[in-house]
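A.B. asks: PDB, C-alpha atoms and all ligand atoms, saved as protein03.pdb, coming up:
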```
ATOM      1  CA  MET B   1     -62.302  73.207 130.369
ATOM      2  CA  GLY B   2     -64.110  75.951 128.477
ATOM      3  CA  ASP B   3     -62.309  79.138 127.473
ATOM      4  CA  ARG B   4     -58.955  78.121 128.931
ATOM      5  CA  CYS B   5     -57.188  81.360 128.065
ATOM      6  CA  ALA B   6     -59.937  83.440 129.681
ATOM      7  CA  HIS B   7     -59.749  81.320 132.838
ATOM      8  CA  ILE B   8     -56.007  81.880 133.129
ATOM      9  CA  GLU B   9     -56.450  85.615 132.549
ATOM     10  CA  ALA B  10     -59.207  85.756 135.172
ATOM     11  CA  ALA B  11     -57.031  83.905 137.694
ATOM     12  CA  VAL B  12     -54.089  86.239 137.064
ATOM     13  CA  GLY B  13     -56.404  89.252 137.359
ATOM     14  CA  GLN B  14     -57.671  88.060 140.747
ATOM     15  CA  LEU B  15     -54.130  87.345 141.879
ATOM     16  CA  ARG B  16     -52.988  90.846 140.874
ATOM     17  CA  SER B  17     -55.792  92.484 142.860
ATOM     18  CA  ALA B  18     -55.439  90.302 145.969
ATOM     19  CA  THR B  19     -54.288  91.748 149.277
ATOM     20  CA  GLY B  20     -50.655  90.856 149.886
ATOM     21  CA  VAL B  21     -49.793  90.414 146.211
ATOM     22  CA  VAL B  22     -47.334  93.038 144.961
ATOM     23  CA  SER B  23     -46.744  91.907 141.381
ATOM     24  CA  VAL B  24     -47.422  89.019 139.008
ATOM     25  CA  ALA B  25     -45.343  88.250 135.902
ATOM     26  CA  LEU B  26     -46.799  85.589 133.632
ATOM     27  CA  SER B  27     -44.989  83.352 131.154
ATOM     28  CA  SER B  28     -46.305  82.569 127.685
ATOM     29  CA  LEU B  29     -49.145  80.066 127.488
ATOM     30  CA  TYR B  30     -48.174  76.517 126.480
ATOM     31  CA  GLU B  31     -50.638  74.056 124.972
ATOM     32  CA  THR B  32     -49.912  70.467 125.985
ATOM     33  CA  GLU B  33     -51.381  67.000 125.725
ATOM     34  CA  PRO B  34     -52.965  65.729 128.971
ATOM     35  CA  VAL B  35     -50.677  63.707 131.257
ATOM     36  CA  GLY B  36     -52.366  61.022 133.365
ATOM     37  CA  GLY B  37     -56.013  61.284 134.323
ATOM     38  CA  PRO B  38     -58.978  59.793 132.471
ATOM     39  CA  PRO B  39     -58.877  59.062 128.714
ATOM     40  CA  GLY B  40     -60.422  61.394 126.166
ATOM     41  CA  GLN B  41     -59.457  64.724 127.773
ATOM     42  CA  GLY B  42     -58.752  67.785 125.675
ATOM     43  CA  ARG B  43     -55.447  69.595 125.608
ATOM     44  CA  TYR B  44     -54.310  71.718 128.507
ATOM     45  CA  LEU B  45     -53.121  75.303 128.582
ATOM     46  CA  ASN B  46     -50.273  75.895 131.036
ATOM     47  CA  ALA B  47     -48.354  78.895 132.288
ATOM     48  CA  ALA B  48     -46.035  79.811 135.134
ATOM     49  CA  ALA B  49     -46.175  83.036 137.106
ATOM     50  CA  CYS B  50     -43.608  84.808 139.203
ATOM     51  CA  VAL B  51     -45.399  86.431 142.143
ATOM     52  CA  GLU B  52     -44.044  88.918 144.620
ATOM     53  CA  THR B  53     -46.052  88.648 147.827
ATOM     54  CA  THR B  54     -46.002  89.608 151.481
ATOM     55  CA  LEU B  55     -48.029  86.487 152.321
ATOM     56  CA  GLU B  56     -46.528  83.422 153.934
ATOM     57  CA  PRO B  57     -46.648  80.214 151.847
ATOM     58  CA  GLU B  58     -49.665  78.731 153.677
ATOM     59  CA  ALA B  59     -51.682  81.931 153.254
ATOM     60  CA  PHE B  60     -50.601  82.171 149.631
ATOM     61  CA  LEU B  61     -51.780  78.611 148.898
ATOM     62  CA  GLU B  62     -55.062  79.460 150.618
ATOM     63  CA  LEU B  63     -55.397  82.447 148.274
ATOM     64  CA  LEU B  64     -54.792  80.201 145.253
ATOM     65  CA  MET B  65     -57.515  77.842 146.440
ATOM     66  CA  VAL B  66     -59.946  80.736 147.013
ATOM     67  CA  ILE B  67     -59.314  81.901 143.439
ATOM     68  CA  GLU B  68     -59.851  78.344 142.142
ATOM     69  CA  ARG B  69     -63.182  78.223 143.954
ATOM     70  CA  GLU B  70     -64.241  81.682 142.774
ATOM     71  CA  LEU B  71     -63.555  80.685 139.192
ATOM     72  CA  GLY B  72     -65.902  77.767 139.748
ATOM     73  CA  ARG B  73     -63.546  74.830 140.073
ATOM     74  CA  VAL B  74     -65.252  71.770 141.460
ATOM     75  CA  ARG B  75     -62.888  69.108 142.754
ATOM     76  CA  ARG B  76     -63.856  65.807 141.250
ATOM     77  CA  GLU B  77     -61.597  63.225 139.756
ATOM     78  CA  ARG B  78     -57.913  63.860 140.432
ATOM     79  CA  TRP B  79     -56.000  64.908 137.327
ATOM     80  CA  GLY B  80     -59.287  65.052 135.426
ATOM     81  CA  PRO B  81     -60.337  68.065 133.343
ATOM     82  CA  ARG B  82     -60.816  71.259 135.353
ATOM     83  CA  ILE B  83     -61.499  74.951 134.850
ATOM     84  CA  ILE B  84     -58.313  76.004 136.572
ATOM     85  CA  ASP B  85     -55.518  74.484 138.668
ATOM     86  CA  LEU B  86     -53.241  76.814 140.597
ATOM     87  CA  ASP B  87     -50.183  75.150 142.131
ATOM     88  CA  LEU B  88     -47.443  76.627 144.273
ATOM     89  CA  LEU B  89     -44.186  75.461 142.680
ATOM     90  CA  LEU B  90     -41.453  77.287 144.580
ATOM     91  CA  PHE B  91     -41.340  79.839 147.390
ATOM     92  CA  ASP B  92     -37.946  81.537 147.572
ATOM     93  CA  ASP B  93     -35.497  78.814 148.606
ATOM     94  CA  ARG B  94     -37.834  77.346 151.189
ATOM     95  CA  VAL B  95     -38.478  73.637 151.716
ATOM     96  CA  ILE B  96     -41.881  72.904 153.289
ATOM     97  CA  ASP B  97     -43.323  69.502 154.185
ATOM     98  CA  SER B  98     -46.573  70.108 156.040
ATOM     99  CA  PRO B  99     -49.774  68.034 155.671
ATOM    100  CA  GLY B 100     -51.481  70.473 153.279
ATOM    101  CA  LEU B 101     -48.467  72.014 151.555
ATOM    102  CA  THR B 102     -45.329  70.635 149.957
ATOM    103  CA  VAL B 103     -42.816  73.104 148.476
ATOM    104  CA  PRO B 104     -41.136  72.720 146.036
ATOM    105  CA  HIS B 105     -44.182  71.132 144.424
ATOM    106  CA  PRO B 106     -43.499  67.370 144.645
ATOM    107  CA  ARG B 107     -44.364  66.528 141.030
ATOM    108  CA  MET B 108     -42.928  69.523 139.196
ATOM    109  CA  HIS B 109     -39.559  67.858 138.506
ATOM    110  CA  GLU B 110     -40.962  65.235 136.151
ATOM    111  CA  ARG B 111     -43.530  67.433 134.402
ATOM    112  CA  ARG B 112     -42.376  69.080 131.204
ATOM    113  CA  PHE B 113     -45.624  71.061 131.095
ATOM    114  CA  VAL B 114     -44.567  72.695 134.393
ATOM    115  CA  LEU B 115     -40.841  73.062 133.794
ATOM    116  CA  GLU B 116     -41.086  74.591 130.316
ATOM    117  CA  PRO B 117     -43.133  77.660 131.278
ATOM    118  CA  LEU B 118     -41.240  77.890 134.563
ATOM    119  CA  ALA B 119     -37.881  77.880 132.762
ATOM    120  CA  GLU B 120     -39.068  80.730 130.537
ATOM    121  CA  ILE B 121     -39.438  83.085 133.507
ATOM    122  CA  GLY B 122     -37.084  81.435 136.031
ATOM    123  CA  GLY B 123     -34.641  79.102 134.337
ATOM    124  CA  ALA B 124     -31.792  80.175 136.632
ATOM    125  CA  VAL B 125     -33.803  79.664 139.817
ATOM    126  CA  ILE B 126     -32.368  76.889 141.986
ATOM    127  CA  ASP B 127     -34.533  74.040 143.228
ATOM    128  CA  PRO B 128     -33.646  73.945 146.946
ATOM    129  CA  ARG B 129     -34.037  70.170 147.209
ATOM    130  CA  SER B 130     -31.663  69.153 144.421
ATOM    131  CA  GLY B 131     -29.500  72.274 144.089
ATOM    132  CA  ARG B 132     -30.085  72.206 140.327
ATOM    133  CA  THR B 133     -31.510  75.050 138.286
ATOM    134  CA  ILE B 134     -34.915  74.755 136.640
ATOM    135  CA  SER B 135     -33.211  74.770 133.214
ATOM    136  CA  GLU B 136     -30.942  71.900 134.250
ATOM    137  CA  ILE B 137     -33.884  69.852 135.507
ATOM    138  CA  LEU B 138     -35.789  70.543 132.270
ATOM    139  CA  MET B 139     -32.833  69.528 130.095
ATOM    140  CA  SER B 140     -32.325  66.296 132.055
ATOM    141  CA  LEU B 141     -35.872  65.062 131.326
ATOM    142  CA  PRO B 142     -36.002  62.053 128.963
TER     143      PRO B 142
HETATM  144  P1  LIG W 201     -53.116  68.594 141.417
HETATM  145  O1  LIG W 201     -52.605  70.006 141.521
HETATM  146  O2  LIG W 201     -52.040  67.567 141.652
HETATM  147  O3  LIG W 201     -53.867  68.349 140.126
HETATM  148  P2  LIG W 201     -55.083  69.412 143.342
HETATM  149  O4  LIG W 201     -55.052  70.748 142.690
HETATM  150  O5  LIG W 201     -56.427  68.764 143.494
HETATM  151  O6  LIG W 201     -54.158  68.369 142.566
HETATM  152  O7  LIG W 201     -54.352  69.566 144.746
HETATM  153  C1  LIG W 201     -54.562  68.665 145.777
HETATM  154  C2  LIG W 201     -54.023  69.211 147.104
HETATM  155  O8  LIG W 201     -52.618  69.396 147.052
HETATM  156  C3  LIG W 201     -54.526  70.560 147.566
HETATM  157  O9  LIG W 201     -55.648  70.409 148.368
HETATM  158  C4  LIG W 201     -53.365  71.142 148.389
HETATM  159  O10 LIG W 201     -53.649  71.206 149.773
HETATM  160  C5  LIG W 201     -52.255  70.159 148.190
HETATM  161  N1  LIG W 201     -50.939  70.762 147.970
HETATM  162  C6  LIG W 201     -49.812  70.423 148.635
HETATM  163  N2  LIG W 201     -48.762  71.114 148.224
HETATM  164  C7  LIG W 201     -49.217  71.932 147.226
HETATM  165  C8  LIG W 201     -48.588  72.896 146.391
HETATM  166  N3  LIG W 201     -47.255  73.160 146.498
HETATM  167  N4  LIG W 201     -49.348  73.545 145.489
HETATM  168  C9  LIG W 201     -50.686  73.268 145.389
HETATM  169  N5  LIG W 201     -51.346  72.378 146.150
HETATM  170  C10 LIG W 201     -50.621  71.703 147.071
HETATM  171 MG    MG W 202     -53.435  71.868 142.183
END
```
For the file at hand, write its structure as structure tokens.
C.D. replies:
Amino acid sequence: MGDRCAHIEAAVGQLRSATGVVSVALSSLYETEPVGGPPGQGRYLNAAACVETTLEPEAFLELLMVIERELGRVRRERWGPRIIDLDLLLFDDRVIDSPGLTVPHPRMHERRFVLEPLAEIGGAVIDPRSGRTISEILMSLP
């Protein structure tokens, strides 16, 4: 919602200045039609980032949620319009299934709006659950 580009830039700025974050490389921004959620939503702006961090995955997700809150995200309807949504897609080749964190992100494999920006910066990265690269998963989508 609002100035979507500015919200992404603000989130990346906060990420870059956070303790434990060494570097952040951002993909291009992709404008996409909403998938799921309530009717009548505007288009979304999506990007993927490659982050080098000394944080463990749980602490890194916590950081993402702190940034979401600082940017003013209020959690209402799931998949409804929001100011920002920061998801952890992959963390090295780790597979995590804890109550608050699933890595690789459980819904990334079917979402073109995730895989396209991700493939731009990490097409050769291997999804540790399927053994396929991000580019292969993207190309196999219907
Ligand atoms: P969505 O990203 O599907 O639109 P939310 O942003 O509201 O939904 O996330 C809901 C919950 O998903 C978060 O509270 C978080 O604990 C959990 N979660 C589990 N795994 C992940 C992940 N890999 N990345 C982001 N959130 C995750
Ligand atoms: Mg999320």
A.B. asks: Between atom CA of Thr102 of chain B and atom CA of Leu64 of chain B, what distance in Å does the model show, to one decimal?
C.D. replies: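 One can read the atom CA of Thr102 of chain B to atom CA of Leu64 of chain B distance as 14.3 Å.
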A.B. asks: Please, which residues have at least one atom within 6 Å of an atom of ligand MG 202 (chain W), using all atoms listed in the file, listed as a PyMOL selection string?
C.D. replies: chain B and resi 85-87
A.B. asks: Mind dumping the selected residues with C-alpha atoms as a JSON list (two decimals), keeping the file's coordinate frame?
C.D. replies:
```
[["chain", "number", "residue", "atom", "x", "y", "z"],
["B", 85, "ASP", "CA", -55.52, 74.48, 138.67],
["B", 86, "LEU", "CA", -53.24, 76.81, 140.60],
["B", 87, "ASP", "CA", -50.18, 75.15, 142.13]]
```
A.B. asks: Expanded to explicit residues, what is the PyMOL selection byres (((chain B and resi 12-22) around 6) and not hetatm) for this file, as a VMD selection string?
C.D. replies: chain B and resid 9 to 11 23 52 to 55
A.B. asks: Report as number ranges by chain the residues that result from applying the PyMOL selection byres (((not hetatm)) within 12 of (chain W and resi 201)) to the structure here.
C.D. replies: B: 34-37, 57-69, 73-91, 94-108, 111, 114
A.B. asks: Would you be able to write out as a tab-separated table (two decimals) with C-alpha atoms, keeping the file's coordinate frame which residues have an atom within 10 Å of (-45.8, 79.2, 131.3) in the file's coordinates, counting only C-alpha atoms?
C.D. replies:
```tsv
chain	number	residue	atom	x	y	z
B	26	LEU	CA	-46.80	85.59	133.63
B	27	SER	CA	-44.99	83.35	131.15
B	28	SER	CA	-46.30	82.57	127.68
B	29	LEU	CA	-49.14	80.07	127.49
B	30	TYR	CA	-48.17	76.52	126.48
B	31	GLU	CA	-50.64	74.06	124.97
B	45	LEU	CA	-53.12	75.30	128.58
B	46	ASN	CA	-50.27	75.90	131.04
B	47	ALA	CA	-48.35	78.90	132.29
B	48	ALA	CA	-46.04	79.81	135.13
B	49	ALA	CA	-46.18	83.04	137.11
B	50	CYS	CA	-43.61	84.81	139.20
B	113	PHE	CA	-45.62	71.06	131.10
B	114	VAL	CA	-44.57	72.69	134.39
B	115	LEU	CA	-40.84	73.06	133.79
B	116	GLU	CA	-41.09	74.59	130.32
B	117	PRO	CA	-43.13	77.66	131.28
B	118	LEU	CA	-41.24	77.89	134.56
B	119	ALA	CA	-37.88	77.88	132.76
B	120	GLU	CA	-39.07	80.73	130.54
B	121	ILE	CA	-39.44	83.08	133.51
```
A.B. asks: Can you measure atom CA of Glu70 of chain B to atom CA of Gly40 of chain B for me? One decimal in Å is fine.
C.D. replies: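 Spanning atom CA of Glu70 of chain B to atom CA of Gly40 of chain B is a straight-line distance of 26.5 Å.
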A.B. asks: How many Å lie between atom CA of Arg112 of chain B and atom CA of Thr133 of chain B, rounded to one decimal?
C.D. replies: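 Separation of atom CA of Arg112 of chain B and atom CA of Thr133 of chain B: 14.3 Å.
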A.B. asks: Measuring atom to atom with only C-alpha atoms, identify which of B:Gly72, B:Glu33, B:Val24, B:Arg132 is nearest to Gly2 of chain B.
C.D. replies: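 Of the candidates, the smallest distance to Gly2 of chain B is held by B:Gly72.
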